[in-house]
Amino acid sequence: MTPRSRIAPLDVVWRTCDAVPECLGVAHEPYGRCLAHLTPAQAAEFLRGLTPGQALDLRGTLVSEDLLARVLDGVERHLGRARFDRAVFTGPARFGEVVFAGDATFDHAKFDHLASFYGARFLRNVSFREARFLREFSLHDARMCGHATFDHVTVRGDALFGAAQFGAAQFGAAQFGAAQFGAPPPRGTGNASFGRADNGLLPEASFQKASFQRAQFHGFAAFDAAVFHGDTCFRGARFHRAVSFRGSDCGASAEFQSARFEGAAYLGPMRIVRRLSLAGVRACAPLHIDTGGCRVVLRAAAVLGRLAARLSDAEVDLRDARLAGLSAVTRRSGRLRVTSLDGLDADALTLTGVDLRACGLDGLRRPEGLRLRECVFAVPPGGLGLRLGWPPVRWWSRRRVIADEHLWRGWAAHGRGEHRAGEHGVDEHGVDEYGADDHGAHEHRAGYHGAGPAGDRAPDPARLAVLYERLRPGVDDTRVAADFAFGAMEMRRLGSPRGRGRLLLSLYWLACGYGLRAGRALGWLALVAAVAAGAVCWAAGVRPEGKPAVHRPRVAVVRPAASASRPAHGLGG
């Protein structure tokens, strides 16, 4: 009798159960059936043969709660190589405190009820690729030494990863509860290979990667106090409800490129050693970021809710970002640099305590939506300036200017010599700091960031004058606002064609610094007063003391008048 035909997925490469044509369970010899379709006697014989630490193959098998409990009791909750690919857990799957000494795979598995791995230990790699969890999924306090893969998983209930360790080479290296973590791993160990030690059991002492690419979380996702000893990747993941990373720790990079947050996202307080990449994310609810000591990339991010970023000793890239709600980037401690604002479209963004000395602002789509609080700006080179043009000698005043004016005037941009190898661009692994899809890393490695919306055009004085005017209302410091007003007039003067208008602006600049340099006006007033006083004194005949003048007396001669009785002398007769 010929066996009935069956249609199996292409990735089913094992011999399937002969009991039911539709069953994909792996057949166990000598029965030719899966564990779920064995007779009670055959199942008892199979379970009696289990020993602690042995390999277990339940691929494609229907696993009930009772069957799973009997299997785990048979191996004393200590498994070797465990294969649960395409298995269907019809009841609650409780793997609490189970030790997986070998690789564990749950690819394409389906969990109809609770899936609990509370306190489980995975001494090698673990994979849940394309697994489906119809209820809650818990890896709370679990330990994963090797590579952990959760790509394309779907979790309908809550996902609990609190206090879990990913890529840990040694158990117990971190301390939880008081948010005290061990020393950060050495740089460059985030994507180490899965080597085998000499004993063939444990992986080499290296920190592996945890991957959640394109995972779907329909319930709450909690990663509070989780420790990622290597890189963690959530590229393309979708969080339908709130997600929390409070108190978590990442020893390398945290990648969220193109992720989608439909609920509130709390990324911190958390420690990240290398980079937090949120390039291309879409957040429909508030997005909270609280970290430090790393680079934060928000390129092409769309945040429709409120963005609140509290950073310390960090660098922020907001190129081509769209911020629709009230947004704030605040320096918590240390130094906070903004490397690029090109193409940023923000309704209301407040930058507090950030360093803008090397960040161009010409590429802002709406500069009037920017609020600058206690920010650090560039300054002109101090002292006398000599040049071949007119005037040949110039004294630069100490005023705050934007980096775009630095570029246009040809001044040395602040911080160009601060970029050392390995800090920006491509790291020692050849991985770009903005991810594989970034096309502008070469521009970031340059000393000046943000030459314009297109990134390749030099600033124009006319545009800079308008930019100064549009930025000035958002500056909280009156001195900086006055410097921006001076810069606007200066760019308007230098950008105007030669003629009467430029001459009048030059005289206005020379006389009183566009009405903003009272000292200059007083100096001219003192000079004019001195000149006028000298002229008055000169006109009054004031001479310096010298040889006394000789005065000769004048003698008046009085001639008597002629009369009729006494004719005048010499007349007549």
# chains A, B, ... in the order shown; residues from 1 in each chain; ligands from 1
call {"tool": "residues_around", "arguments": {"residues": "Ala254 in chain A", "least_positions_apart": "6", "cutoff": "9 Å", "atoms": "only C-alpha atoms", "output": "JSON, numbers by chain"}}
result
{"A": [228, 231, 232, 233, 234, 272, 274, 275, 276, 277, 278]}
call {"tool": "select_by_dssp", "arguments": {"residues": "range 298-404 of chain A", "states": "strand (DSSP E or B)", "output": "PyMOL selection string"}}
result
chain A and resi 302-303+307-317+322-340+345-352+355+359+370-373+376+378+384-386+393-395+401
call {"tool": "residues_around", "arguments": {"residues": "Arg322 in chain A", "least_positions_apart": "2", "cutoff": "12 Å", "atoms": "only C-alpha atoms", "output": "PyMOL selection string"}}
result
chain A and resi 279-284+298-307+318-320+324-327+341-349+364-366
call {"tool": "atom_distance", "arguments": {"atom1": "CA of Leu139 in chain A", "atom2": "CA of Ser116 in chain A"}}
result
6.5 Å
